[in-house]
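So this one's model_29.cif, mmCIF, C-alpha atoms:
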data_start
#
loop_
_atom_site.label_atom_id
_atom_site.label_comp_id
_atom_site.auth_asym_id
_atom_site.auth_seq_id
_atom_site.Cartn_x
_atom_site.Cartn_y
_atom_site.Cartn_z
CA MET A 1 9.08 -29.08 32.32
CA THR A 2 5.48 -29.15 31.10
CA THR A 3 2.73 -26.78 32.15
CA ARG A 4 0.56 -27.72 35.14
CA ASP A 5 -2.77 -26.51 36.39
CA ASP A 6 -3.13 -24.82 39.76
CA ASP A 7 -4.00 -28.14 41.37
CA GLY A 8 -0.77 -29.66 40.02
CA ARG A 9 -2.28 -31.83 37.27
CA ASP A 10 -0.71 -31.98 33.81
CA GLY A 11 -3.10 -31.25 30.93
CA ARG A 12 -5.03 -28.58 29.11
CA ASP A 13 -7.34 -27.40 31.91
CA GLY A 14 -7.28 -23.63 32.18
CA PHE A 15 -6.12 -23.17 28.58
CA GLU A 16 -8.97 -20.86 27.54
CA GLU A 17 -8.62 -18.65 30.61
CA ARG A 18 -4.85 -18.30 30.23
CA THR A 19 -4.80 -17.64 26.49
CA ALA A 20 -7.88 -15.38 26.25
CA PRO A 21 -5.98 -12.16 27.17
CA TYR A 22 -3.72 -12.60 24.12
CA ARG A 23 -6.37 -13.09 21.44
CA GLY A 24 -6.70 -9.39 20.64
CA GLU A 25 -3.01 -8.77 20.09
CA LEU A 26 -2.64 -12.04 18.18
CA LEU A 27 -5.42 -10.85 15.87
CA ALA A 28 -3.48 -7.63 15.23
CA HIS A 29 -0.31 -9.67 14.65
CA CYS A 30 -1.97 -11.95 12.11
CA TYR A 31 -3.51 -8.91 10.43
CA ARG A 32 -0.07 -7.31 10.06
CA MET A 33 1.08 -10.49 8.36
CA LEU A 34 -1.90 -10.97 6.04
CA GLY A 35 -3.60 -7.58 5.58
CA SER A 36 -7.04 -9.17 6.01
CA VAL A 37 -9.20 -9.08 9.12
CA HIS A 38 -11.33 -12.11 8.31
CA GLU A 39 -8.27 -14.20 7.40
CA ALA A 40 -6.54 -13.03 10.57
CA GLU A 41 -9.53 -14.17 12.62
CA ASP A 42 -9.35 -17.62 11.01
CA LEU A 43 -5.63 -17.87 11.72
CA VAL A 44 -6.04 -16.87 15.36
CA GLN A 45 -8.50 -19.74 15.64
CA GLU A 46 -5.98 -22.05 14.00
CA THR A 47 -3.25 -20.75 16.31
CA MET A 48 -5.36 -21.50 19.37
CA LEU A 49 -6.16 -24.98 18.08
CA ARG A 50 -2.47 -25.73 17.54
CA ALA A 51 -1.63 -24.28 20.94
CA TRP A 52 -4.32 -26.35 22.68
CA ARG A 53 -3.02 -29.53 21.08
CA ALA A 54 0.52 -28.75 22.24
CA TYR A 55 -0.36 -27.15 25.58
CA ASP A 56 0.56 -30.17 27.69
CA ARG A 57 4.09 -29.86 26.27
CA TYR A 58 4.42 -26.09 26.85
CA ASP A 59 7.43 -25.31 29.05
CA ALA A 60 7.06 -22.04 30.93
CA GLU A 61 10.77 -22.07 31.81
CA ARG A 62 11.74 -21.80 28.12
CA ALA A 63 9.32 -19.07 27.03
CA SER A 64 6.47 -16.98 28.36
CA LEU A 65 2.99 -18.01 27.25
CA ARG A 66 2.74 -14.84 25.16
CA THR A 67 6.00 -15.55 23.33
CA TRP A 68 4.99 -19.17 22.78
CA LEU A 69 1.65 -18.13 21.26
CA TYR A 70 3.33 -15.58 19.00
CA ARG A 71 5.67 -18.27 17.70
CA ILE A 72 2.74 -20.49 16.83
CA ALA A 73 0.78 -17.60 15.26
CA THR A 74 3.73 -16.44 13.15
CA ASN A 75 4.37 -19.89 11.74
CA THR A 76 0.64 -20.42 11.17
CA CYS A 77 0.60 -17.20 9.13
CA LEU A 78 3.69 -18.22 7.15
CA THR A 79 2.05 -21.52 6.27
CA ALA A 80 -1.13 -19.74 5.18
CA LEU A 81 0.84 -17.29 3.01
CA ARG A 82 2.52 -19.97 0.91
CA GLY A 83 1.53 -19.46 -2.70
CA ARG A 84 -0.81 -16.57 -1.94
CA ALA A 85 -0.84 -13.26 -3.76
CA ARG A 86 -0.12 -10.16 -1.72
CA ARG A 87 -2.97 -7.84 -0.72
CA PRO A 88 -2.38 -4.42 -2.33
CA LEU A 89 -4.19 -1.12 -2.52
CA PRO A 90 -4.82 0.21 -6.04
CA SER A 91 -1.81 2.56 -5.75
CA GLY A 92 0.42 -0.47 -5.25
CA LEU A 93 -0.93 -2.24 -8.32
CA VAL A 94 -1.48 0.24 -11.17
CA GLY A 95 -0.57 3.83 -12.05
CA ALA A 96 -2.67 6.86 -11.12
CA LEU A 97 -5.23 8.17 -13.59
CA GLU A 98 -5.45 11.81 -14.61
CA ASP A 99 -9.06 11.79 -15.87
CA PRO A 100 -11.62 11.66 -13.01
CA ALA A 101 -14.27 10.80 -15.63
CA ALA A 102 -12.43 7.69 -16.82
CA PRO A 103 -14.49 4.48 -16.84
CA MET A 104 -14.50 2.67 -13.50
CA THR A 105 -12.48 -0.53 -13.61
CA THR A 106 -13.03 -3.08 -10.86
CA GLY A 107 -10.41 -5.58 -9.82
CA THR A 108 -12.77 -8.40 -8.92
CA GLU A 109 -10.02 -11.04 -8.80
CA VAL A 110 -7.67 -9.04 -6.56
CA PRO A 111 -7.39 -10.02 -2.85
CA TRP A 112 -7.52 -6.42 -1.60
CA LEU A 113 -5.92 -5.07 1.54
CA GLU A 114 -8.50 -4.49 4.25
CA PRO A 115 -8.59 -1.96 7.10
CA PHE A 116 -8.46 -3.04 10.75
CA PRO A 117 -11.31 -1.97 13.07
CA ASP A 118 -10.04 -0.18 16.16
CA GLY A 119 -11.10 -1.30 19.61
CA GLY A 120 -9.89 -2.47 22.96
CA GLY A 121 -7.33 -5.23 23.09
CA THR A 122 -6.27 -4.97 19.45
CA GLY A 123 -2.57 -4.59 20.09
CA LEU A 124 -2.21 -1.11 18.64
CA ALA A 125 0.69 -0.19 20.86
CA PHE A 126 2.41 -3.47 21.66
CA GLY A 127 6.18 -3.38 21.51
CA THR A 128 8.51 -0.42 21.52
CA GLY A 129 10.41 -1.26 18.38
CA ALA A 130 14.06 -2.10 17.94
CA ALA A 131 16.66 0.37 19.12
CA ALA A 132 18.40 0.51 15.74
CA PRO A 133 18.76 4.04 14.33
CA ASP A 134 17.38 3.00 10.93
CA PRO A 135 14.44 5.30 9.98
CA ALA A 136 12.40 2.31 8.80
CA GLY A 137 12.62 0.84 12.28
CA VAL A 138 11.33 4.06 13.80
CA VAL A 139 8.46 4.15 11.32
CA VAL A 140 7.42 0.57 12.03
CA ALA A 141 7.63 1.03 15.79
CA ARG A 142 5.48 4.17 15.74
CA GLY A 143 2.68 3.03 13.47
CA SER A 144 2.56 -0.74 13.42
CA LEU A 145 -1.07 -0.89 12.26
CA ARG A 146 -1.25 2.21 10.08
CA LEU A 147 -2.76 1.45 6.68
CA ALA A 148 0.20 2.83 4.70
CA LEU A 149 2.62 0.58 6.59
CA ILE A 150 0.46 -2.54 6.21
CA ALA A 151 0.23 -1.83 2.47
CA THR A 152 3.98 -1.36 2.19
CA MET A 153 4.70 -4.52 4.17
CA GLN A 154 2.71 -6.43 1.58
CA LEU A 155 5.62 -5.77 -0.79
CA LEU A 156 7.87 -7.92 1.40
CA PRO A 157 8.22 -11.71 1.11
CA PRO A 158 6.37 -13.35 4.01
CA ARG A 159 9.47 -14.32 6.02
CA GLN A 160 10.92 -10.81 5.74
CA ARG A 161 7.54 -9.50 6.86
CA ALA A 162 7.61 -11.81 9.87
CA VAL A 163 11.15 -10.76 10.81
CA LEU A 164 10.28 -7.07 10.50
CA ILE A 165 7.23 -7.43 12.73
CA LEU A 166 8.93 -9.56 15.38
CA ARG A 167 12.03 -7.36 15.51
CA GLU A 168 10.60 -3.85 15.02
CA VAL A 169 7.06 -4.08 16.40
CA LEU A 170 7.48 -6.64 19.18
CA ALA A 171 11.16 -5.81 19.83
CA TRP A 172 12.23 -9.45 20.01
CA PRO A 173 15.98 -10.11 20.07
CA ALA A 174 17.36 -11.53 16.83
CA ALA A 175 18.21 -14.83 18.52
CA GLU A 176 14.62 -15.24 19.72
CA VAL A 177 13.28 -14.51 16.23
CA ALA A 178 15.71 -17.05 14.79
CA GLU A 179 14.47 -19.71 17.21
CA ALA A 180 10.83 -18.94 16.42
CA LEU A 181 11.41 -19.20 12.66
CA GLY A 182 13.80 -22.10 12.77
CA THR A 183 16.69 -20.20 11.22
CA SER A 184 19.97 -18.52 12.21
CA THR A 185 20.55 -15.14 13.81
CA ALA A 186 22.61 -14.12 10.76
CA SER A 187 19.67 -14.96 8.49
CA VAL A 188 17.33 -12.89 10.68
CA ASN A 189 19.66 -9.87 10.59
CA SER A 190 20.01 -10.20 6.82
CA ALA A 191 16.23 -10.43 6.34
CA LEU A 192 15.71 -7.37 8.54
CA GLN A 193 18.23 -5.37 6.48
CA ARG A 194 16.47 -6.30 3.25
CA ALA A 195 13.06 -5.48 4.71
CA ARG A 196 14.23 -2.06 5.90
CA ALA A 197 15.76 -1.34 2.50
CA ARG A 198 12.46 -2.24 0.79
CA LEU A 199 10.52 0.09 3.07
CA ALA A 200 12.97 2.87 2.29
CA GLU A 201 12.60 2.25 -1.46
CA ALA A 202 8.83 2.45 -1.11
CA GLY A 203 9.18 5.98 0.29
CA LEU A 204 7.13 5.36 3.42
CA THR A 205 7.26 8.50 5.57
CA GLU A 206 6.80 9.10 9.27
CA ASP A 207 3.81 11.35 8.46
CA GLU A 208 2.00 8.32 7.04
CA VAL A 209 2.49 6.30 10.21
CA ALA A 210 2.38 9.07 12.80
CA GLU A 211 0.79 8.67 16.18
CA PRO A 212 -3.04 8.67 16.32
CA PRO A 213 -4.50 12.03 15.24
CA ASP A 214 -4.44 14.95 17.66
CA GLN A 215 -7.41 17.24 18.18
CA ASN A 216 -6.43 19.50 15.26
CA GLN A 217 -6.27 16.57 12.87
CA ARG A 218 -9.61 15.25 14.08
CA ALA A 219 -11.05 18.71 13.52
CA VAL A 220 -10.01 18.44 9.86
CA ILE A 221 -12.06 15.25 9.52
CA ASP A 222 -15.01 16.91 11.25
CA ARG A 223 -14.86 19.73 8.69
CA TYR A 224 -14.51 17.18 5.90
CA LEU A 225 -17.64 15.41 7.16
CA ARG A 226 -19.67 18.61 7.14
CA ALA A 227 -18.42 19.64 3.70
CA PHE A 228 -19.21 16.22 2.25
CA GLU A 229 -22.72 16.14 3.72
CA ASP A 230 -23.28 19.68 2.41
CA ALA A 231 -21.87 18.71 -1.02
CA ASP A 232 -19.59 21.74 -0.58
CA LEU A 233 -16.79 20.99 -3.04
CA ASP A 234 -15.04 24.33 -2.54
CA THR A 235 -14.62 23.73 1.19
CA LEU A 236 -13.64 20.14 0.55
CA ARG A 237 -10.79 21.32 -1.65
CA THR A 238 -9.38 23.52 1.13
CA LEU A 239 -9.04 20.44 3.36
CA LEU A 240 -6.72 18.56 0.99
CA THR A 241 -2.93 18.61 0.63
CA GLN A 242 -1.42 19.34 -2.77
CA ASP A 243 -0.32 15.71 -3.17
CA VAL A 244 -3.47 14.13 -1.73
CA VAL A 245 -4.24 10.57 -2.87
CA LEU A 246 -7.71 9.11 -3.35
CA GLU A 247 -8.14 5.37 -3.95
CA MET A 248 -11.15 3.09 -3.78
CA PRO A 249 -10.68 -0.70 -3.65
CA PRO A 250 -12.05 -2.77 -5.34
CA VAL A 251 -11.98 -0.04 -8.03
CA LEU A 252 -8.58 0.20 -9.72
CA ASN A 253 -8.98 3.93 -10.51
CA TRP A 254 -7.00 6.18 -8.18
CA TYR A 255 -6.04 9.84 -8.30
CA VAL A 256 -3.44 12.32 -7.06
CA GLY A 257 -3.98 16.02 -6.34
CA PRO A 258 -6.94 18.13 -5.17
CA ASP A 259 -8.22 18.86 -8.69
CA ALA A 260 -8.69 15.20 -9.57
CA TYR A 261 -9.91 14.38 -6.05
CA VAL A 262 -12.65 17.03 -6.04
CA ALA A 263 -13.63 16.31 -9.63
CA PHE A 264 -14.11 12.66 -8.77
CA ILE A 265 -16.22 13.50 -5.71
CA ALA A 266 -18.32 15.73 -7.98
CA ARG A 267 -18.78 12.71 -10.23
CA VAL A 268 -19.92 10.64 -7.24
CA PHE A 269 -22.46 13.31 -6.29
CA ALA A 270 -23.75 13.36 -9.88
CA MET A 271 -24.09 9.57 -9.87
CA ARG A 272 -25.39 8.94 -6.35
CA GLY A 273 -27.00 12.22 -5.35
CA THR A 274 -26.01 14.64 -2.62
CA ASP A 275 -28.06 13.34 0.32
CA TRP A 276 -25.34 11.73 2.46
CA ARG A 277 -24.93 10.89 6.13
CA LEU A 278 -21.44 10.19 7.53
CA ARG A 279 -20.70 8.53 10.87
CA PRO A 280 -17.25 8.92 12.48
CA THR A 281 -15.34 5.77 13.39
CA SER A 282 -11.70 4.72 13.26
CA ALA A 283 -9.52 2.14 11.56
CA ASN A 284 -5.83 1.26 11.90
CA GLY A 285 -5.50 4.04 14.47
CA GLN A 286 -6.72 6.55 11.88
CA PRO A 287 -9.93 8.58 11.54
CA ALA A 288 -12.59 7.01 9.37
CA LEU A 289 -16.13 7.75 8.20
CA ALA A 290 -18.91 5.29 7.38
CA ALA A 291 -20.81 6.83 4.48
CA TYR A 292 -24.53 6.33 3.80
CA VAL A 293 -26.40 7.74 0.80
CA ARG A 294 -30.09 8.14 0.02
CA ALA A 295 -30.73 7.61 -3.65
CA PRO A 296 -33.39 9.69 -5.43
CA GLY A 297 -36.78 8.09 -4.85
CA ASP A 298 -35.56 6.14 -1.80
CA ASP A 299 -36.56 7.01 1.76
CA THR A 300 -33.55 5.33 3.42
CA HIS A 301 -29.86 6.13 3.63
CA ARG A 302 -27.98 2.94 2.73
CA LEU A 303 -24.39 1.96 3.46
CA HIS A 304 -22.09 2.94 0.62
CA THR A 305 -18.45 3.01 1.76
CA LEU A 306 -16.00 3.13 4.64
CA GLN A 307 -13.53 6.00 4.18
CA VAL A 308 -10.18 5.87 6.03
CA PHE A 309 -8.09 9.06 6.25
CA THR A 310 -4.50 10.06 6.75
CA ALA A 311 -4.49 13.60 8.09
CA ASP A 312 -1.24 15.50 8.49
CA ARG A 313 -0.07 19.11 8.16
CA GLY A 314 -3.63 20.17 9.03
CA ALA A 315 -5.17 18.58 5.94
CA VAL A 316 -6.14 15.25 4.41
CA SER A 317 -3.23 13.67 2.54
CA HIS A 318 -4.64 10.23 1.75
CA THR A 319 -8.14 8.78 1.59
CA VAL A 320 -8.84 5.10 1.04
CA VAL A 321 -12.50 4.41 0.29
CA PHE A 322 -13.50 0.78 0.85
CA GLN A 323 -16.58 -0.74 -0.74
CA LEU A 324 -15.96 -4.36 0.21
CA PRO A 325 -18.58 -6.55 1.96
CA THR A 326 -15.86 -8.18 4.09
CA VAL A 327 -14.87 -4.73 5.40
CA PHE A 328 -18.44 -3.76 6.25
CA LYS A 329 -18.85 -7.05 8.13
CA ALA A 330 -15.58 -6.65 10.05
CA PHE A 331 -16.61 -3.18 11.22
CA GLY A 332 -20.15 -4.27 12.09
CA LEU A 333 -21.63 -1.47 9.99
CA PRO A 334 -25.46 -1.52 9.71
CA GLU A 335 -26.81 -1.59 6.18
CA VAL A 336 -29.10 1.38 6.75
CA TRP A 337 -28.62 4.66 8.58
CA ALA A 338 -30.12 4.50 12.05
CA GLY A 339 -29.91 8.23 12.76
#

Translate this file's structure into structure tokens.
Amino acid sequence: MTTRDDDGRDGRDGFEERTAPYRGELLAHCYRMLGSVHEAEDLVQETMLRAWRAYDRYDAERASLRTWLYRIATNTCLTALRGRARRPLPSGLVGALEDPAAPMTTGTEVPWLEPFPDGGGTGLAFGTGAAAPDPAGVVVARGSLRLALIATMQLLPPRQRAVLILREVLAWPAAEVAEALGTSTASVNSALQRARARLAEAGLTEDEVAEPPDQNQRAVIDRYLRAFEDADLDTLRTLLTQDVVLEMPPVLNWYVGPDAYVAFIARVFAMRGTDWRLRPTSANGQPALAAYVRAPGDDTHRLHTLQVFTADRGAVSHTVVFQLPTVFKAFGLPEVWAG
């Protein structure tokens, strides 16, 4: 049975109206697969083109429109991922440095992981996760767009990544995943086991993919903002956990611990000056700050970085500082501070 329009005609009339409600969650799905917002946008477009071409053959009795679109999107992503390098953060590529004054090394050839701009219709909470008691399944279900999880999923082969997302995030039955990927249920279960084991090996914790920050956690970021704008390094240190991580793609340098963290921020102040303006935003369901700096002799605060935070135990435990033009574009950040 093929799809029909309300007036009973076969064809593609009404396609845009019927598929539009799913674009946001498909964008989040493609982002989970690829770790890049701009590539995810391209693949959603490709998904919709493939769906439009096949729409007159869509059978609503075999699958819901949403399920059908996810099948197309998943296979579009798998095709795009063939032969591509994974998108890491610096901590997934090289070892931490101990010297905050070490020369800055930029990984210009690395396809870096990008953050996902929060907003309506982005699919942050779709799916309840599989009912399996495995801790990795709980982690994935709770924080399916958290930056730490997306980075860890980049360690998985693409098909394992797809199985993990379809089973744990979207809570599809194994048989449905097998049909979507053109494989067997046994193969899906095996891939899910291997994916869970890899997440466990990576040491991903529930703190890193917890629910969106509560008021206390947001208060930590507010205090961080004020301390940064005041260039108050002593206060900044009090807002960090003992194992805090600071990393800055596309720079390969990254650091662990409050001493190295604060020393590096002191280096930034020495290099860029201390006249900063920070605007709160959010990414991947986490608090973020867009940072603008006014250089000596300049009369304008100019966009410098987007900083994404993991805040738990009442302090900042992980900061990823992005200085990538593709990220600034995805978040629609103005180049100059508007006040």

Notebook entry, point to check: Mind pulling up the distance from CA of Trp52 (chain A) to CA of Arg12 (chain A)?
Noted result: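 Separation of CA of Arg12 (chain A) and CA of Trp52 (chain A): 6.8 Å.
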
Notebook entry, point to check: What does the distance between CA of Leu192 (chain A) and CA of Asp59 (chain A) come to in Å, to one decimal place?
Noted result: 28.5 Å

Taking all atoms listed in the file into account, produce a table as JSON lines in which each residue of region 155-258 of chain A with an atom at most 12 Å from an atom of region 34-40 of chain A appears once, together with its shortest atom pair and the distance in Å to one decimal, ordered by chain and rising number.
{"residue": "A:Leu155", "atom": "CA", "partner": "A:Gly35", "partner_atom": "CA", "distance": 11.4}
{"residue": "A:Leu156", "atom": "CA", "partner": "A:Leu34", "partner_atom": "CA", "distance": 11.2}
{"residue": "A:Pro157", "atom": "CA", "partner": "A:Leu34", "partner_atom": "CA", "distance": 11.3}
{"residue": "A:Pro158", "atom": "CA", "partner": "A:Leu34", "partner_atom": "CA", "distance": 8.8}
{"residue": "A:Arg159", "atom": "CA", "partner": "A:Leu34", "partner_atom": "CA", "distance": 11.9}
{"residue": "A:Arg161", "atom": "CA", "partner": "A:Leu34", "partner_atom": "CA", "distance": 9.6}
{"residue": "A:Ala162", "atom": "CA", "partner": "A:Leu34", "partner_atom": "CA", "distance": 10.3}
{"residue": "A:Ile165", "atom": "CA", "partner": "A:Leu34", "partner_atom": "CA", "distance": 11.9}

Requested write-out: C-alpha atoms of the selected residues, as a compact mmCIF listing (two decimals), keeping the file's coordinate frame:
# COMPACT_ATOMS: atom_id res chain seq x y z
CA LEU A 155 5.62 -5.77 -0.79
CA LEU A 156 7.87 -7.92 1.40
CA PRO A 157 8.22 -11.71 1.11
CA PRO A 158 6.37 -13.35 4.01
CA ARG A 159 9.47 -14.32 6.02
CA ARG A 161 7.54 -9.50 6.86
CA ALA A 162 7.61 -11.81 9.87
CA ILE A 165 7.23 -7.43 12.73

Margin query: Once the PyMOL selection byres ((chain A and resi 163) around 10) is applied to the coordinates I shared, what remains selected? I want it as an MDAnalysis selection string.
Written below: chainID A and resid 74 158:162 164:169 172 174 177:178 180:181 187:193 195

Got time to write the residues from that selection, C-alpha atoms, as a PDB file, in the frame of the given file?
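What follows is the written file again27.pdb:
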ATOM      1  CA  THR A  74       3.730 -16.440  13.150  1.00  0.00           C
ATOM      2  CA  PRO A 158       6.370 -13.350   4.010  1.00  0.00           C
ATOM      3  CA  ARG A 159       9.470 -14.320   6.020  1.00  0.00           C
ATOM      4  CA  GLN A 160      10.920 -10.810   5.740  1.00  0.00           C
ATOM      5  CA  ARG A 161       7.540  -9.500   6.860  1.00  0.00           C
ATOM      6  CA  ALA A 162       7.610 -11.810   9.870  1.00  0.00           C
ATOM      7  CA  LEU A 164      10.280  -7.070  10.500  1.00  0.00           C
ATOM      8  CA  ILE A 165       7.230  -7.430  12.730  1.00  0.00           C
ATOM      9  CA  LEU A 166       8.930  -9.560  15.380  1.00  0.00           C
ATOM     10  CA  ARG A 167      12.030  -7.360  15.510  1.00  0.00           C
ATOM     11  CA  GLU A 168      10.600  -3.850  15.020  1.00  0.00           C
ATOM     12  CA  VAL A 169       7.060  -4.080  16.400  1.00  0.00           C
ATOM     13  CA  TRP A 172      12.230  -9.450  20.010  1.00  0.00           C
ATOM     14  CA  ALA A 174      17.360 -11.530  16.830  1.00  0.00           C
ATOM     15  CA  VAL A 177      13.280 -14.510  16.230  1.00  0.00           C
ATOM     16  CA  ALA A 178      15.710 -17.050  14.790  1.00  0.00           C
ATOM     17  CA  ALA A 180      10.830 -18.940  16.420  1.00  0.00           C
ATOM     18  CA  LEU A 181      11.410 -19.200  12.660  1.00  0.00           C
ATOM     19  CA  SER A 187      19.670 -14.960   8.490  1.00  0.00           C
ATOM     20  CA  VAL A 188      17.330 -12.890  10.680  1.00  0.00           C
ATOM     21  CA  ASN A 189      19.660  -9.870  10.590  1.00  0.00           C
ATOM     22  CA  SER A 190      20.010 -10.200   6.820  1.00  0.00           C
ATOM     23  CA  ALA A 191      16.230 -10.430   6.340  1.00  0.00           C
ATOM     24  CA  LEU A 192      15.710  -7.370   8.540  1.00  0.00           C
ATOM     25  CA  GLN A 193      18.230  -5.370   6.480  1.00  0.00           C
ATOM     26  CA  ALA A 195      13.060  -5.480   4.710  1.00  0.00           C
TER      27      ALA A 195
END

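Distances from A:Gly285, A:Pro296, A:Pro173, A:Pro100 to Leu246 (chain A) were compared using all atoms listed in the file, and the smallest one belongs to A:Pro100.
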
Next item on the list: Between CA of Glu114 (chain A) and CA of Val336 (chain A), measure the distance and give it in Å to one decimal.
Entry: 21.6 Å

Notebook entry, point to check: Evaluating the PyMOL selection byres ((chain A and resi 101) around 8) on the displayed file yields which residues, as a PyMOL selection string?
Noted result: chain A and resi 99-100+102-103+264+267

Next item on the list: Just say which residues the PyMOL selection byres ((chain A and resi 151) around 9) picks in this file, as a PyMOL selection string.
Entry: chain A and resi 35+87-89+92+113+146-150+152-155

Store the residues picked out above in a file with C-alpha atoms, as a short mmCIF file (atom, residue, chain, number, x, y, z; two decimals), keeping the file's coordinate frame.
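See selection11.cif below for the written result:
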data_model
loop_
_atom_site.label_atom_id
_atom_site.label_comp_id
_atom_site.auth_asym_id
_atom_site.auth_seq_id
_atom_site.Cartn_x
_atom_site.Cartn_y
_atom_site.Cartn_z
CA GLY A 35 -3.60 -7.58 5.58
CA ARG A 87 -2.97 -7.84 -0.72
CA PRO A 88 -2.38 -4.42 -2.33
CA LEU A 89 -4.19 -1.12 -2.52
CA GLY A 92 0.42 -0.47 -5.25
CA LEU A 113 -5.92 -5.07 1.54
CA ARG A 146 -1.25 2.21 10.08
CA LEU A 147 -2.76 1.45 6.68
CA ALA A 148 0.20 2.83 4.70
CA LEU A 149 2.62 0.58 6.59
CA ILE A 150 0.46 -2.54 6.21
CA THR A 152 3.98 -1.36 2.19
CA MET A 153 4.70 -4.52 4.17
CA GLN A 154 2.71 -6.43 1.58
CA LEU A 155 5.62 -5.77 -0.79
#

Note to self: Taking 4 positions as the minimum chain separation for residues in the same chain, which residues sit within 12 Å of region 297-300 of chain A when counting only C-alpha atoms? Answer as a list in words.
What the structure shows: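 Contacts, in chain order: Arg272, Gly273, Asp275, Trp276, Arg277, Tyr292, Val293, Glu335, Val336, Trp337, Ala338 and Gly339 of chain A.
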
Notebook entry, point to check: Quick one: residues within 10 Å of Tyr70 (chain A), all atoms listed in the file counted, chain neighbours fewer than 3 positions away excluded, as a list in words?
Noted result: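 My reading of the contact set: Tyr22, Glu25, Leu26, His29, Cys30, Thr47, Ser64, Leu65, Arg66, Thr67, Ala73, Thr74, Asn75, Thr76, Leu166, Leu170 and Ala180 of chain A.
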
Notebook entry, point to check: Contacts of Tyr224 (chain A) at 12 Å or less, counting all atoms listed in the file, minus same-chain residues fewer than 5 places along, as a PyMOL selection string?
Noted result: chain A and resi 217-219+229-240+278-280+287-289+307+309+311+314-316+319

Note to self: For Val321 (chain A), find every residue with an atom within 8 Å (counting all atoms listed in the file), except residues of its own chain fewer than 3 positions away, and show them as a PyMOL selection string.
What the structure shows: chain A and resi 246-249+305-308

Next item on the list: Could you tell me which of A:Pro258, A:Arg313, A:Ala266, A:Pro250 comes closest to Thr106 (chain A) if we count all atoms listed in the file?
Entry: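 That would be A:Pro250, the residue with the smallest distance to Thr106 (chain A).
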
For region 267-281 of chain A, what centre and edge lengths in Å (one decimal) does the axis-aligned box get once 4 Å is added on each side of all its listed atoms, as lines of an AutoDock Vina configuration file?
center_x = -21.7
center_y = 10.2
center_z = 1.6
size_x = 20.7
size_y = 16.9
size_z = 31.6
